[in-house]
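Chemist: One structure coming up, written as structure tokens, with questions to follow.
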Amino acid sequence: MKKLRYAGVLTAVALAVAGCGGEKVGSQPQPSAGKECGTFNLTVSPWVGYEANAAVVAYVATKDLGCKVVKKNLKEEIAWQGFATGEVDVNLENWGHEDLKKKYIETDKVAVEAGSTGVKGVIGWYVPPWMAAKYPDITDYKNLNKYAALFKTSESGGKGQLLDGDPSYVTNDEALVKNLALNYKVVQSGSETALIQAFRDAEKNKRPLLAYFYEPQWFFNEIKLVKVNLPAYKAGCDAVPAKIACDYPPYDLDKIVSKKFADSGSPAYDLVKNFQWTNEDQNAVARMIAVDKLTPDQAAEKWVKSNESKVNTWLGRS
Amino acid sequence: MAAITSDLEVEVRRPRRSVVVGVLLVVWVAAYFVLRGIDTLVLGGQETTSLHRWLTEHRDDVGQGNAFFDAIRIVVDHFVVLLQNLISQPSFDRPVPVIGWLGVVAIAAYCAWAFGNWKVAVLTAAGLGFVGLQGLWQESMDTLALTVAAVLLSLLVAIPLGIWAGLSNRAFRVATLALDLMQTLPTFVYLAPLTLFFAIGPAAATIATLIYAAPPAVRLTAHAIRSVPPESVEAARSLGSTRGQTLLKVLLPMSRSTVVVGINQTIMAALSMVTVAALIDAPGLGQTVLKALQTLDVGVAFNAGLAIVVIAIVLDRVTTAAGDRPWRTASVRRKVLLGAGAVAVLVAVWFSRTYVWAAEFPSDVNVGSRIAVVASDVTAWVQDVFGGFTYGVRDAVTIGLLNPLEGLLTGSPWWLVSAVVVALAFLLGGWRGAVPAAVCLGLLVATGVWQDSMVTLASTLLATVVVVAVGLALGVWAGRNHRVDIWIRPVLDAGQTMPPFVYLVPFLALFGTSRFTAIAAAVVFAVPVTTKIVADGIKAVPVVTVEAANSVGSSTWQVISKVQLPVARRAITLAVNQGLIYVLSMVVCGGLVGAGALGYDVVAGFAQSELYGKGLAAGLAIVLLGVMLDRITQAAARRTQNFQGVQGRGDKR
């Protein structure tokens, strides 16, 4: 027992002596934060495409302008609230949300638009590629009724199932089914996770699936879903929600910043305002994050190195 | 004589009651075929009632920019940030937190040893070391800081409230209602408004966690105070103790172990909120889980979920050990050892402040990525092997059980369903069941989401039946067999604290997006708590009673059904009640995997501003369903208890 105790004390002393080696805290030089740019709060909405935008803008703002960027992971709705309470300065990818624009930009005047991101959003109905190959005419909505029996599930009550996704997105699907006289029932999956998993399973096990989806989306790197053509969108055809019988409009994804940030004269505001790229650019960065598992910062660095001319135009150094 | 007459009454009344219930159900089904589709109160996905629109308009009315809320926010924010600076975030112009990993492990293990015993101290060190090896040290410390803050604040509020509810009957009744509300109202309903009162940041996340986590501590404290034998209190009074003395010297010490169980449950509840709080930017492991799920990376999500489970198990075991430790002054030997330990801890803290290796967890050994790979592989394997079979099970259950039940509930006119439910409640529980049922049904109609409530009710009933069946079987097994208990506990803890988001993905692969998937997820979440309570109840049956039954040659089955289950009746009632509440608290998660109905309404209300009011109404409907089912089962339990009491007397005679 006594021996054991001595052994314990000796080990403790030995450990203590051994521990004294090694690098000391604070011996590395610390990066200094730039002063003229200051800090801004960037909301990060929960999808990978957004994260790609945020990664590149934050990288450029930190490296080239010396700003401090505080990323906040928030649902869209809460990010809009943040403009009012002063906790969010920048939203880098906004999908429509006309009601929120009206409230926070026009009525409360706490936020302002900062132009397009250059990325085009598409919403619509999609089928897995194996179905498009096996039933080539399925991509025309007129033939959907012919295939309704294929899409029957335990949830669809004898009709074909049209699976809807994350409730954050606008959907006219119930009106569409009714007005196009389709023998389908809209089933709410409730989340993007459920939707992607359903498509994965459908392609792998050759199960039929018709679902609401959208581009750009990192998942297209994995499976190239095929869009079903609804009656083409014409301006004004979606004016009365209950009578909609046409496809979703193309979305111009844009940027929103807080009024305070826009008036601050920070160089970061000019960067955010000038920031513009393409669906391909966003997909490339999103792919590095989602599939290659790079951290957002690494992915941004890689992309920025090979696209310096674009970055220079954002920074006004043409 | 009184015994004989009541006996007769029972024999005449009992068969009649089950016959009446049967007849009632048959009449309902017959009426359903006649009245199908009338007055079903359907409300489409994007449709709202005037109540919903009114709620949407008045969402921002409460307390924005209010000095009171601001004061709370500043205090809570500072508290959480202080804890983060201490253990997780770089602070005070240093690139590392005040205390590095070595210091944290040393302090935690030392506290576990001082308040508990050396076994939990080893467990603490091993557990914290493990999350470090997973490559999640900083995230875990953020989660720990937030959890500790939320739990401490919860207890600050909950223990005094619990004592008050324990001492006063009126406070008890009010508290029970408020606690039901806090536990079943889906977090999504108040998450967005909370960020308005308390701004985006640690305060809102902490307070959201507090609302969900405080109720168990209040409940169990009140329960503990009320269970102290009146003789002890009277003895203290007769010796001239004041009220305060009685409380401090008799009531609190005697109820300590139950209060600790309450603290335990509060910790578990706080940890189960980690992922949800991450939706409003709460730092920590929840972020890792959500980020991983954006790309459906089950492996990484599981790794982070596992860290939450490990933290939960460590905290649970340490608090349990602390609760079991007898109160007495330490011996000289122990004092010396404690002193030596304190010095060692100080050395460790100094190291962790001075050297990089002790400050930042070394990243060369990373088991996290390996765990992630294994978890992904196992999930893929399960999906491949069972994929076809599970769809068959889903379809069979849905078509055979769920669809008929749901059809009956949603297809009948609302007044028919209400009449049947109130009649059933009266038959099963008398006025105590019927009156709350009638009130709740009336309010359900008023919420405007009647149809969705009925869909959710059908799934909830099915899930609760499964939960109670599985929980009883497992609980009896674990309660009778110590070894089973030891092995099953960590699994139950995992089921309770593993974020549902993690296992929803494999479930989606196995069962597709459907109501069945939601039921399966609810069962996984609710079985642990039911099992734990049943097991504790069975264990509490006096050994003498069981041995007496054994000695007269009862079979195992007889011992279980005639002795252990009846004696543990109170625990079983509580188990059913908690199983039900846990199933209901998963309704929202069900909405994320295709269950639709109330869960989807709540999620949609959180995501779309114009649907906020409908989401709130749906959240309230979940609460109403919970209160209604709870009151009916409680009243029914009280009734059968009385009957069995009478019968028992008859048997003896």
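Just so we're on the same page: first chain in the structure tokens is A, next is B, and so on; residues restart at 1 for each chain, and ligands are numbered from 1 in the order they show up.
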Which polymer residues have any atom within 7 Å of an atom of Pro250 (chain A), counting only C-alpha atoms, with same-chain residues fewer than 4 positions away left out, as a list in words?

Modeler: Lys120, Gly121 and Val122 of chain A

Chemist: Can you work out which residues from chain B touch chain A at a cut-off of 6 Å (counting only C-alpha atoms) and hand them back as a list in words?

Modeler: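 Here they are: Leu279, Ile280, Asp281, Thr295, Thr354, Tyr355, Val356, Asp395, Thr513, Gly591, Leu592, Val593, Gly594, Gly596, Ala604, Ala607 and Gln608 of chain B.
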
Chemist: Compile the contact shell of Lys103 (chain A) as JSON, numbers by chain: residues with an atom at most 12 Å away, counting only C-alpha atoms, same-chain residues fewer than 4 positions apart removed.

Modeler: {"A": [77, 80, 81, 83, 84, 97, 98, 99, 107, 108, 109, 110, 111, 112], "B": [57, 609, 610]}

Chemist: Would you save the residues of that selection, restricted to C-alpha atoms, as a tab-separated table (two decimals), in the first residue's frame?

Modeler:
chain	number	residue	atom	x	y	z
A	77	GLU	CA	-37.32	34.19	-40.44
A	80	TRP	CA	-35.02	39.00	-40.70
A	81	GLN	CA	-35.99	39.75	-37.10
A	83	PHE	CA	-32.26	43.30	-38.85
A	84	ALA	CA	-34.69	45.00	-36.50
A	97	HIS	CA	-40.05	36.51	-49.14
A	98	GLU	CA	-42.08	39.44	-50.43
A	99	ASP	CA	-44.05	39.64	-47.17
A	107	THR	CA	-42.74	49.51	-43.20
A	108	ASP	CA	-40.07	49.30	-40.50
A	109	LYS	CA	-37.22	50.64	-42.69
A	110	VAL	CA	-34.57	48.62	-40.87
A	111	ALA	CA	-33.24	46.76	-43.92
A	112	VAL	CA	-32.34	47.60	-47.53
B	57	GLU	CA	-50.65	40.22	-36.00
B	609	SER	CA	-44.31	34.56	-40.86
B	610	GLU	CA	-47.88	34.56	-42.20

Chemist: Give the answer as one residue: which of A:Phe220, A:Phe261, A:Tyr126, A:Tyr141 has the shortest atom-to-atom distance to Asn279 (chain A), using only C-alpha atoms?

Modeler: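 Among A:Phe220, A:Phe261, A:Tyr126, A:Tyr141, it is A:Phe220 that comes nearest to Asn279 (chain A).
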
Chemist: Using only C-alpha atoms, which protein or nucleic acid residues come within 12 Å of Ala518 (chain B)? Drop anything in the same chain fewer than 4 positions from it, and give the result as JSON, numbers by chain.

Modeler: {"A": [189, 190, 194], "B": [394, 398, 456, 459, 460, 462, 463, 500, 501, 503, 504, 505, 507, 508, 510, 511, 512, 513, 514, 522, 523, 524, 525, 583, 584, 585, 586, 587, 588, 589, 590, 591, 592, 593, 594, 595, 596, 597, 599, 600]}

Chemist: Using only C-alpha atoms, pick whichever of B:Phe516, B:Val42, B:Asp142, B:Glu231 has the shortest atom-to-atom distance to Gln84 (chain B).

Modeler: B:Asp142

Chemist: Taking only C-alpha atoms into account, which of A:Gly49, A:Lys152, A:Glu301, A:Ala61 comes nearest Arg287 (chain A)?

Modeler: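 Residue with the minimum atom-to-atom distance to Arg287 (chain A): A:Gly49.
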
Chemist: Smallest atom-to-atom distance to Arg370 (chain B): which of B:Gly299, B:Gly284, B:Gly244, B:Pro90, using only C-alpha atoms?

Modeler: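 Of all the options, B:Gly299 lies closest to Arg370 (chain B).
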
Chemist: Check the DSSP output for the backbone and give back, as a PyMOL selection string, the residues of region 69-283 of chain A in strand (DSSP E).

Modeler: chain A and resi 69-73+90-94+111-127+160-164+184-188+211-215+226-228+251-258

Chemist: From a backbone DSSP assignment, name each residue in region 76-141 of chain B labelled alpha helix (DSSP H), as JSON, numbers by chain.

Modeler: {"B": [76, 77, 78, 79, 80, 81, 82, 83, 84, 85, 86, 87, 101, 102, 103, 104, 105, 106, 107, 108, 109, 110, 111, 112, 113, 114, 115, 118, 119, 120, 121, 122, 123, 124, 125, 126, 127, 128, 129, 130, 131, 132, 133, 137, 138, 139, 140, 141]}

Chemist: Could you save those same residues with C-alpha atoms as a tab-separated table (two decimals), in the first residue's frame?

Modeler:
chain	number	residue	atom	x	y	z
B	76	VAL	CA	-28.00	35.70	-18.48
B	77	ASP	CA	-25.79	36.72	-21.40
B	78	HIS	CA	-22.98	37.70	-19.08
B	79	PHE	CA	-23.30	34.53	-17.08
B	80	VAL	CA	-23.09	32.29	-20.16
B	81	VAL	CA	-20.27	34.30	-21.72
B	82	LEU	CA	-18.37	34.10	-18.44
B	83	LEU	CA	-18.65	30.30	-18.43
B	84	GLN	CA	-17.66	30.17	-22.10
B	85	ASN	CA	-14.61	32.34	-21.43
B	86	LEU	CA	-13.67	30.03	-18.60
B	87	ILE	CA	-13.73	26.75	-20.50
B	101	TRP	CA	-8.66	20.93	-21.24
B	102	LEU	CA	-6.31	19.49	-18.62
B	103	GLY	CA	-7.61	21.90	-16.02
B	104	VAL	CA	-11.25	21.21	-16.90
B	105	VAL	CA	-10.77	17.44	-16.70
B	106	ALA	CA	-8.93	17.79	-13.37
B	107	ILE	CA	-11.54	20.09	-11.82
B	108	ALA	CA	-14.45	17.96	-13.04
B	109	ALA	CA	-12.91	14.70	-11.83
B	110	TYR	CA	-12.02	16.29	-8.50
B	111	CYS	CA	-15.55	17.56	-7.96
B	112	ALA	CA	-16.98	14.18	-8.95
B	113	TRP	CA	-14.72	12.55	-6.40
B	114	ALA	CA	-15.37	15.07	-3.63
B	115	PHE	CA	-19.16	15.08	-4.00
B	118	TRP	CA	-13.80	7.76	-6.99
B	119	LYS	CA	-15.68	5.57	-9.50
B	120	VAL	CA	-17.61	8.50	-10.96
B	121	ALA	CA	-14.41	10.56	-10.85
B	122	VAL	CA	-12.74	8.03	-13.16
B	123	LEU	CA	-15.86	7.98	-15.34
B	124	THR	CA	-15.81	11.79	-15.55
B	125	ALA	CA	-12.17	11.92	-16.60
B	126	ALA	CA	-12.71	9.13	-19.13
B	127	GLY	CA	-15.87	10.71	-20.54
B	128	LEU	CA	-14.34	14.15	-20.98
B	129	GLY	CA	-11.21	12.58	-22.45
B	130	PHE	CA	-13.39	10.70	-24.90
B	131	VAL	CA	-15.21	13.78	-26.23
B	132	GLY	CA	-11.79	15.39	-26.60
B	133	LEU	CA	-10.56	12.43	-28.63
B	137	TRP	CA	-13.54	19.49	-27.26
B	138	GLN	CA	-14.45	23.08	-27.92
B	139	GLU	CA	-18.00	22.30	-29.09
B	140	SER	CA	-18.53	20.08	-26.05
B	141	MET	CA	-17.33	22.81	-23.70

Chemist: Considering only C-alpha atoms, state which residue in the set A:Lys310, A:Lys305, A:Lys146, A:Lys260 is at the smallest distance from Trp277 (chain A).

Modeler: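 Among the listed residues, the smallest separation from Trp277 (chain A) belongs to A:Lys310.
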
Chemist: Hey, can you check how far CA of Cys237 (chain A) sits from CA of Lys614 (chain B)?

Modeler: 27.4 Å

Chemist: Using only C-alpha atoms, find the one residue out of B:Ala199, B:Ala494, B:Leu247, B:Leu271 that sits nearest to Gly166 (chain B).

Modeler: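 That would be B:Leu247, the residue with the smallest distance to Gly166 (chain B).
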